Amino acid sequence: MFHFLQASSSRRYSFPLILLIICILSFGLLIPWLGFYWDDLPFVWMMNFLRPTDLILLDNNRPLSGLLYLLLFPLLRNSVTRWQLFNLANRYLLGLSAWWSFSSIFRNHRKETEWIALLLVLYPGFELQFISVNSSRHMLALVLMLTSYGLTARAAKRSSRYCWPTVIALMCSGASMLMSDYFYVLELTRPLILLYLFRETEGSISKSIKRVFATWGPYLLLLAAIMVWRFFLIDQLYYPIGFGTPDGLGGVRTIQPPLPSIVDDLVNVGVNGWLQSFHFPDFASVGKRIGLLELGVTGAVIILTAMYFGATSMATNGEAGGSSRRWLFPIGLILLGLLSMVLGGLPAWEARLPIEIFGLQSRLTLPMMMGVSFTLVGVLGLLRPRVLAILCIALAIGLASGKAIENAAEFRIDYEIQRSFFWQLHWRVPSLPEGTVILTNELPLQYETDNSLTAVVNWLYNPEQLSHELEYLMYDIGLRLGHRLPALVPGQVLTDVYRKFSTGRELIFHGTTSQALVISYDYPSCLRVIQPIYDGHMTGLSPAVVEAFDLSDPDLIQPESDPLTPALLEIYGPEPEPDWCYYYQQADLARQFGDWAAVGQWADKALALPGSPAHASEYVVFIEALGREGEFSQALELTQRVLERDQALDRMLCDAWDKIDAVATYNASDHQQVENAWSIADCK
């Protein structure tokens with residue numbers, strides 16, 4: 001193996017194969033078990049029914065992203081696997097574009113460019129690789145921006161600055177900025193790259209600078225034109241910026257990012273982003289199999305990269321010259337990296353958006369990833385002997401690969417929770433009238449919001465979506481109360497513009513809180529539709545659900561449903577095998593319609609399962625059904641089981657036994673068991 005790597009490492013195209021293997025090991029192994037997340041869900045939903053004109057202008061400020069989706073949807077459709085494979089390909093292209101471009105720029109530093117490409121691809125502070133639909137447009141935009149750097153370097157070698165590489169580079173740069181606005185400011189790194197290229201070909205620094213600005217001129221004009229269009233000519237600014245006096249007089253917000261915040265974010269993104277991959281797998285969180293897979297991938301990638309880079313010549317790859325000159329490249333790379341990080345973070349700092357290295361806000365690390373890679377490779381370039389740098393890079397890449405497996409496992413778990421939510425909602429709420437708002441607690445989903453699930457709810461209950469009216473809306477009470485949800489009072493009018501297109505069309509919801517269904521979902525407990533008649537003494541409800549409790553109208557639920565669309569079945573898979581929550585939802589639905597015989601039948605099936613429910617209150621519906629059927633001893637046994645787990649449910653149990661007593665016919669022995677139930681629950 002070592003001799004093969006030694007023979008192949010000198011070949012120009014051996015690195016793309018190594019990169020491909022590492023990308024598949026890091027990002028491809030768990031693809032069959034992943035789903036759609038966050039904005040993926042609204043985008044895929046809208047792709048199924050939007051007019052082509054609306055889809056092209058999906059984002060007014062990112063017009064090419066809509067065109068990208070218009071071109072991709074006929075090929076990828078609603079297949080989670082296809083979208084995940086597409087974004088895996090984007091990740092690989094990101095590494096290829098970085099390697100090709102920086103090899104053209106840093107021509108005497110082959111290994112350093114390979115390190116930059118690998119670190120860029122595997123940066124562990126960006127966690128949204130598996131949000132495949134939404135991330136793909138940003139990933140592809142970064143690929144185009146990096147490719148334009150390489151084309152600029154090629155054009156700089158030629159006598160005419162208007163040669164074809166320049167034209168294609170301008171097209172790539174423009175397409176990148178029109179597809180994603182994350183990378184506007186990175187254009188300001190191009191003159192520094194040009195200065196590095198021209199530093200040896202020109203006789204003086206003044207001539208180098210003149211040539212830099214002459215070469216950069218078309219790119220600067222393109223950037224200026226896009227900035228004017230973006231911030232002054234269109235009206236879709238989610239996070240607008242402005243230029244004004246230092247104190248912001250006249251309502252104009254100035255760009256004044258606080259220095260401590262900048263320093264903290266640079267340290268967090270540049271240092272902590274990598275340090276978070278330096279840990280042993282958490283088997284309790286991800287499971288034994290995933291933990292072992294993470295360890296296996298980490299070890300395999302460490303060995304592969306160490307052998308690949310170790311198989312090359314140990315001679316310094318850098319510039320010829322004395323020892324003092326040898327340090328110039330890594331120091332310059334560190335400075336370029338720090339500047340690139342600052343430029344990449346400017347949009348987020350100005351908009352006062354938090355830059356995180358985990359969760360949804362890690363998307364803001366994308367424009368900083370190139371700078372982080374430059375800086376780290378520069379630091380490693382200062383290490384001597386060179387074998388120490390190789391071992392460090394192999395360790396960093398291997399651990400980042402393992403972290404990618406762990407990240408994929410977290411998305412896998414999130415998808416299972418999302419899938420459970422979808423099926424339980426379908427079982428418990430087969431159909432709803434138009435204009436219903438679903439109010440809920442903060443759901444136990446890391447990568448989805450109420451905005452994401454509004455698309456799912458509309459797809460579930462209105463699979464055609466032929467009009468511009470949004471027929472259903474989901475609100476996280478804690479997140480929306482006080483602004484989009486003004487107040488939790490009956491009759492509160494709700495008007496929500498879910499999506500506005502450049503064509504002037506809007507997806508808009510009109511409704512009131514008088515037509516609301518309140519649900520609570522705290523996984524692994526079953527989803528609960530709040531029924532004021534039964535749940536008045538329920539424990540464990542979030543304060544938000546308690547506040548909205550009286551608005552819930554379960555009578556809105558209709559028992560018959562249409563068959564699920566093939567698209568939803570493709571996303572969430574076939575209906576799961578019946579489990580506790582399946583029987584609970586069916587029983588609760590039957591209880592709502594007074595079909596106690598059916599509730600009893602579901603009780604027999606549920607209670608025959610091994611184990612117990614996650615929340616003891618889920619027994620109560622079965623206790624009442626058993627009592628109504630005269631199975632008092634079994635109902636009493638379940639009552640004792642509930643109280644052993646949660647004594648605070650005594651009032652809820654009392655309510656159930658009061659209902660049993662009001663309708664049941666029993667003898668003296670049975671009456672004694674009812675008395676025993678009241679006694680142990682301290683009902684009297």
# chains A, B, ... in the order shown; residues from 1 in each chain; ligands from 1
>>> select_by_dssp(residues="region 553-661 of chain A", states="alpha helix (DSSP H)", output="VMD selection string")
chain A and resid 566 to 572 580 to 592 596 to 607 620 to 628 632 to 645 650 to 661
>>> closest_residue(among="A:Leu68, A:Leu304, A:Ile438, A:Val429", to="Leu453 (chain A)", atoms="only C-alpha atoms")
A:Ile438
>>> closest_atom_pairs(of="region 320-403 of chain A", to="region 87-108 of chain A", cutoff="12 Å", atoms="only C-alpha atoms", output="JSON lines")
{"residue": "A:Ala320", "atom": "CA", "partner": "A:Asn108", "partner_atom": "CA", "distance": 9.2}
{"residue": "A:Arg326", "atom": "CA", "partner": "A:Asn108", "partner_atom": "CA", "distance": 11.8}
{"residue": "A:Phe329", "atom": "CA", "partner": "A:Phe106", "partner_atom": "CA", "distance": 9.2}
{"residue": "A:Pro330", "atom": "CA", "partner": "A:Phe106", "partner_atom": "CA", "distance": 11.3}
{"residue": "A:Gly332", "atom": "CA", "partner": "A:Phe106", "partner_atom": "CA", "distance": 11.5}
{"residue": "A:Leu333", "atom": "CA", "partner": "A:Phe106", "partner_atom": "CA", "distance": 10.1}
{"residue": "A:Leu366", "atom": "CA", "partner": "A:Leu94", "partner_atom": "CA", "distance": 11.5}
{"residue": "A:Met369", "atom": "CA", "partner": "A:Leu94", "partner_atom": "CA", "distance": 11.3}
{"residue": "A:Met370", "atom": "CA", "partner": "A:Ala98", "partner_atom": "CA", "distance": 8.9}
{"residue": "A:Ser373", "atom": "CA", "partner": "A:Ala98", "partner_atom": "CA", "distance": 10.5}
{"residue": "A:Phe374", "atom": "CA", "partner": "A:Phe102", "partner_atom": "CA", "distance": 10.5}
>>> write_last_selection(atoms="N, CA and C atoms", output="compact mmCIF listing (two decimals), in the first residue's frame")
# COMPACT_ATOMS: atom_id res chain seq x y z
N ALA A 320 12.57 28.38 -3.15
CA ALA A 320 14.01 28.20 -3.01
C ALA A 320 14.59 29.40 -2.30
N ARG A 326 12.27 30.86 3.63
CA ARG A 326 11.42 29.70 3.77
C ARG A 326 10.18 29.99 4.61
N PHE A 329 6.30 32.19 3.05
CA PHE A 329 5.02 31.67 2.56
C PHE A 329 4.06 31.35 3.70
N PRO A 330 4.45 30.55 4.71
CA PRO A 330 3.48 30.26 5.79
C PRO A 330 3.03 31.50 6.54
N GLY A 332 2.85 34.58 5.30
CA GLY A 332 1.93 35.28 4.40
C GLY A 332 0.59 34.59 4.32
N LEU A 333 0.59 33.26 4.37
CA LEU A 333 -0.66 32.50 4.32
C LEU A 333 -1.49 32.75 5.59
N LEU A 366 -19.51 29.47 6.57
CA LEU A 366 -19.15 29.13 5.19
C LEU A 366 -18.19 30.14 4.55
N MET A 369 -14.56 29.77 5.98
CA MET A 369 -13.84 28.50 5.94
C MET A 369 -12.53 28.57 5.17
N MET A 370 -12.51 29.32 4.08
CA MET A 370 -11.28 29.47 3.32
C MET A 370 -10.19 30.11 4.16
N SER A 373 -8.78 27.71 6.72
CA SER A 373 -7.88 26.74 6.12
C SER A 373 -6.52 27.36 5.82
N PHE A 374 -6.52 28.57 5.26
CA PHE A 374 -5.25 29.28 5.02
C PHE A 374 -4.45 29.41 6.31
>>> closest_residue(among="A:Ala455, A:Leu488, A:Ile571, A:Leu67", to="Phe43 (chain A)", atoms="only C-alpha atoms")
A:Ala455
>>> residues_around(residues="Leu295 (chain A)", least_positions_apart="2", cutoff="9 Å", atoms="only C-alpha atoms", output="number ranges by chain")
A: 280-281, 290-293, 297-300, 399, 402
>>> closest_residue(among="A:Ser79, A:Ser204, A:Thr215, A:Ser362", to="Gln129 (chain A)", atoms="only C-alpha atoms")
A:Ser362
>>> atom_distance(atom1="CA of Ile116 (chain A)", atom2="CA of Ala408 (chain A)")
23.0 Å
>>> residues_around(residues="Glu631 (chain A)", least_positions_apart="5", cutoff="12 Å", atoms="only C-alpha atoms", output="CSV table (one decimal) with C-alpha atoms, in the first residue's frame")
chain,number,residue,atom,x,y,z
A,600,GLY,CA,-60.8,-0.8,24.4
A,603,ALA,CA,-55.9,-0.8,24.7
A,604,ASP,CA,-55.6,-4.6,24.4
A,622,PHE,CA,-56.7,3.1,28.5
A,623,ILE,CA,-57.6,3.3,32.1
A,624,GLU,CA,-60.9,5.0,31.3
A,625,ALA,CA,-61.6,2.5,28.5
A,626,LEU,CA,-61.0,-0.5,30.7
A,636,LEU,CA,-56.7,-0.2,39.0
A,637,GLU,CA,-53.4,-1.9,38.3
A,638,LEU,CA,-52.6,0.7,35.6
A,660,ILE,CA,-66.0,5.8,34.9
A,664,ALA,CA,-70.3,2.2,34.6
A,665,THR,CA,-72.5,-0.5,36.0
A,666,TYR,CA,-70.8,-2.6,38.7
A,669,SER,CA,-66.8,-5.9,44.4
A,670,ASP,CA,-66.3,-3.7,41.5
A,671,HIS,CA,-67.4,-0.7,43.5
A,673,GLN,CA,-62.0,-1.3,43.3
A,674,VAL,CA,-63.4,2.1,42.3
>>> closest_residue(among="A:Leu551, A:Pro576, A:Ile533, A:Gly150", to="Lys659 (chain A)", atoms="only C-alpha atoms")
A:Ile533
>>> closest_residue(among="A:Ile397, A:Met179, A:Leu383, A:Leu151", to="Leu25 (chain A)", atoms="only C-alpha atoms")
A:Ile397
>>> residues_around(residues="Glu410 (chain A)", least_positions_apart="3", cutoff="10 Å", atoms="only C-alpha atoms", output="ChimeraX atom specification")
/A:34,285-286,404-407,413-416,446-447
>>> write_last_selection(atoms="N, CA and C atoms", output="PDB file, in the first residue's frame")
ATOM      1  N   LEU A  34     -30.832   9.405   6.061  1.00  0.00           N
ATOM      2  CA  LEU A  34     -31.047  10.831   6.298  1.00  0.00           C
ATOM      3  C   LEU A  34     -32.342  11.296   5.646  1.00  0.00           C
ATOM      4  N   SER A 285     -24.830   8.892  23.182  1.00  0.00           N
ATOM      5  CA  SER A 285     -25.624   9.793  22.352  1.00  0.00           C
ATOM      6  C   SER A 285     -25.881   9.209  20.960  1.00  0.00           C
ATOM      7  N   VAL A 286     -24.822   8.710  20.313  1.00  0.00           N
ATOM      8  CA  VAL A 286     -24.948   8.271  18.918  1.00  0.00           C
ATOM      9  C   VAL A 286     -25.154   6.771  18.780  1.00  0.00           C
ATOM     10  N   ALA A 404     -17.601  14.388  11.179  1.00  0.00           N
ATOM     11  CA  ALA A 404     -18.631  14.413  10.137  1.00  0.00           C
ATOM     12  C   ALA A 404     -19.573  13.221  10.280  1.00  0.00           C
ATOM     13  N   ILE A 405     -19.036  12.057  10.666  1.00  0.00           N
ATOM     14  CA  ILE A 405     -19.888  10.886  10.913  1.00  0.00           C
ATOM     15  C   ILE A 405     -20.825  11.168  12.086  1.00  0.00           C
ATOM     16  N   GLU A 406     -20.289  11.748  13.144  1.00  0.00           N
ATOM     17  CA  GLU A 406     -21.106  12.087  14.309  1.00  0.00           C
ATOM     18  C   GLU A 406     -22.188  13.095  13.946  1.00  0.00           C
ATOM     19  N   ASN A 407     -21.830  14.065  13.117  1.00  0.00           N
ATOM     20  CA  ASN A 407     -22.800  15.063  12.675  1.00  0.00           C
ATOM     21  C   ASN A 407     -23.911  14.407  11.864  1.00  0.00           C
ATOM     22  N   ILE A 413     -30.783  11.021  13.739  1.00  0.00           N
ATOM     23  CA  ILE A 413     -31.680  11.004  14.902  1.00  0.00           C
ATOM     24  C   ILE A 413     -32.774  12.059  14.737  1.00  0.00           C
ATOM     25  N   ASP A 414     -32.386  13.237  14.272  1.00  0.00           N
ATOM     26  CA  ASP A 414     -33.360  14.311  14.072  1.00  0.00           C
ATOM     27  C   ASP A 414     -34.420  13.889  13.055  1.00  0.00           C
ATOM     28  N   TYR A 415     -33.988  13.194  12.012  1.00  0.00           N
ATOM     29  CA  TYR A 415     -34.946  12.729  11.004  1.00  0.00           C
ATOM     30  C   TYR A 415     -35.907  11.706  11.589  1.00  0.00           C
ATOM     31  N   GLU A 416     -35.426  10.827  12.447  1.00  0.00           N
ATOM     32  CA  GLU A 416     -36.308   9.847  13.073  1.00  0.00           C
ATOM     33  C   GLU A 416     -37.353  10.531  13.953  1.00  0.00           C
ATOM     34  N   GLN A 446     -33.792  19.610  16.276  1.00  0.00           N
ATOM     35  CA  GLN A 446     -32.653  20.519  16.267  1.00  0.00           C
ATOM     36  C   GLN A 446     -32.592  21.344  14.991  1.00  0.00           C
ATOM     37  N   TYR A 447     -33.087  20.792  13.885  1.00  0.00           N
ATOM     38  CA  TYR A 447     -32.878  21.424  12.589  1.00  0.00           C
ATOM     39  C   TYR A 447     -34.173  21.831  11.889  1.00  0.00           C
TER      40      TYR A 447
END
>>> atom_distance(atom1="CA of Leu432 (chain A)", atom2="CA of Ala544 (chain A)")
22.4 Å
>>> residues_around(residues="Leu507 (chain A)", least_positions_apart="6", cutoff="8 Å", atoms="only C-alpha atoms", output="PDB file with N, CA and C atoms, in the first residue's frame")
ATOM      1  N   HIS A 468     -52.917  30.720  -4.120  1.00  0.00           N
ATOM      2  CA  HIS A 468     -51.897  31.444  -3.373  1.00  0.00           C
ATOM      3  C   HIS A 468     -52.225  31.509  -1.888  1.00  0.00           C
ATOM      4  N   GLU A 469     -53.362  30.957  -1.510  1.00  0.00           N
ATOM      5  CA  GLU A 469     -53.742  30.941  -0.103  1.00  0.00           C
ATOM      6  C   GLU A 469     -53.069  29.766   0.610  1.00  0.00           C
ATOM      7  N   LEU A 470     -52.401  30.064   1.700  1.00  0.00           N
ATOM      8  CA  LEU A 470     -51.830  29.021   2.543  1.00  0.00           C
ATOM      9  C   LEU A 470     -52.923  28.577   3.507  1.00  0.00           C
ATOM     10  N   VAL A 497     -47.526  36.190   5.865  1.00  0.00           N
ATOM     11  CA  VAL A 497     -46.982  36.034   4.508  1.00  0.00           C
ATOM     12  C   VAL A 497     -45.861  35.006   4.588  1.00  0.00           C
ATOM     13  N   TYR A 498     -46.163  33.802   4.172  1.00  0.00           N
ATOM     14  CA  TYR A 498     -45.198  32.705   4.290  1.00  0.00           C
ATOM     15  C   TYR A 498     -44.068  32.849   3.287  1.00  0.00           C
ATOM     16  N   ARG A 499     -44.385  33.292   2.078  1.00  0.00           N
ATOM     17  CA  ARG A 499     -43.360  33.488   1.049  1.00  0.00           C
ATOM     18  C   ARG A 499     -43.820  34.556   0.082  1.00  0.00           C
ATOM     19  N   LYS A 500     -42.908  35.432  -0.249  1.00  0.00           N
ATOM     20  CA  LYS A 500     -43.197  36.487  -1.213  1.00  0.00           C
ATOM     21  C   LYS A 500     -42.241  36.334  -2.384  1.00  0.00           C
TER      22      LYS A 500
END
>>> residues_around(residues="Gly66 (chain A)", least_positions_apart="5", cutoff="8 Å", atoms="only C-alpha atoms", output="ChimeraX atom specification")
/A:55-59
>>> write_last_selection(atoms="N, CA and C atoms", output="mmCIF file, in the first residue's frame")
data_model
loop_
_atom_site.group_PDB
_atom_site.id
_atom_site.type_symbol
_atom_site.label_atom_id
_atom_site.label_comp_id
_atom_site.auth_asym_id
_atom_site.auth_seq_id
_atom_site.Cartn_x
_atom_site.Cartn_y
_atom_site.Cartn_z
ATOM 1 N N LEU A 55 -40.679 29.929 -9.298
ATOM 2 C CA LEU A 55 -39.533 29.155 -8.832
ATOM 3 C C LEU A 55 -38.225 29.814 -9.240
ATOM 4 N N ILE A 56 -38.182 30.368 -10.455
ATOM 5 C CA ILE A 56 -36.966 31.062 -10.885
ATOM 6 C C ILE A 56 -36.668 32.224 -9.954
ATOM 7 N N LEU A 57 -37.717 32.904 -9.498
ATOM 8 C CA LEU A 57 -37.544 34.056 -8.617
ATOM 9 C C LEU A 57 -37.895 33.688 -7.175
ATOM 10 N N LEU A 58 -37.473 32.493 -6.770
ATOM 11 C CA LEU A 58 -37.744 32.017 -5.421
ATOM 12 C C LEU A 58 -37.180 32.967 -4.379
ATOM 13 N N ASP A 59 -35.958 33.429 -4.605
ATOM 14 C CA ASP A 59 -35.328 34.436 -3.757
ATOM 15 C C ASP A 59 -34.951 35.616 -4.633
#
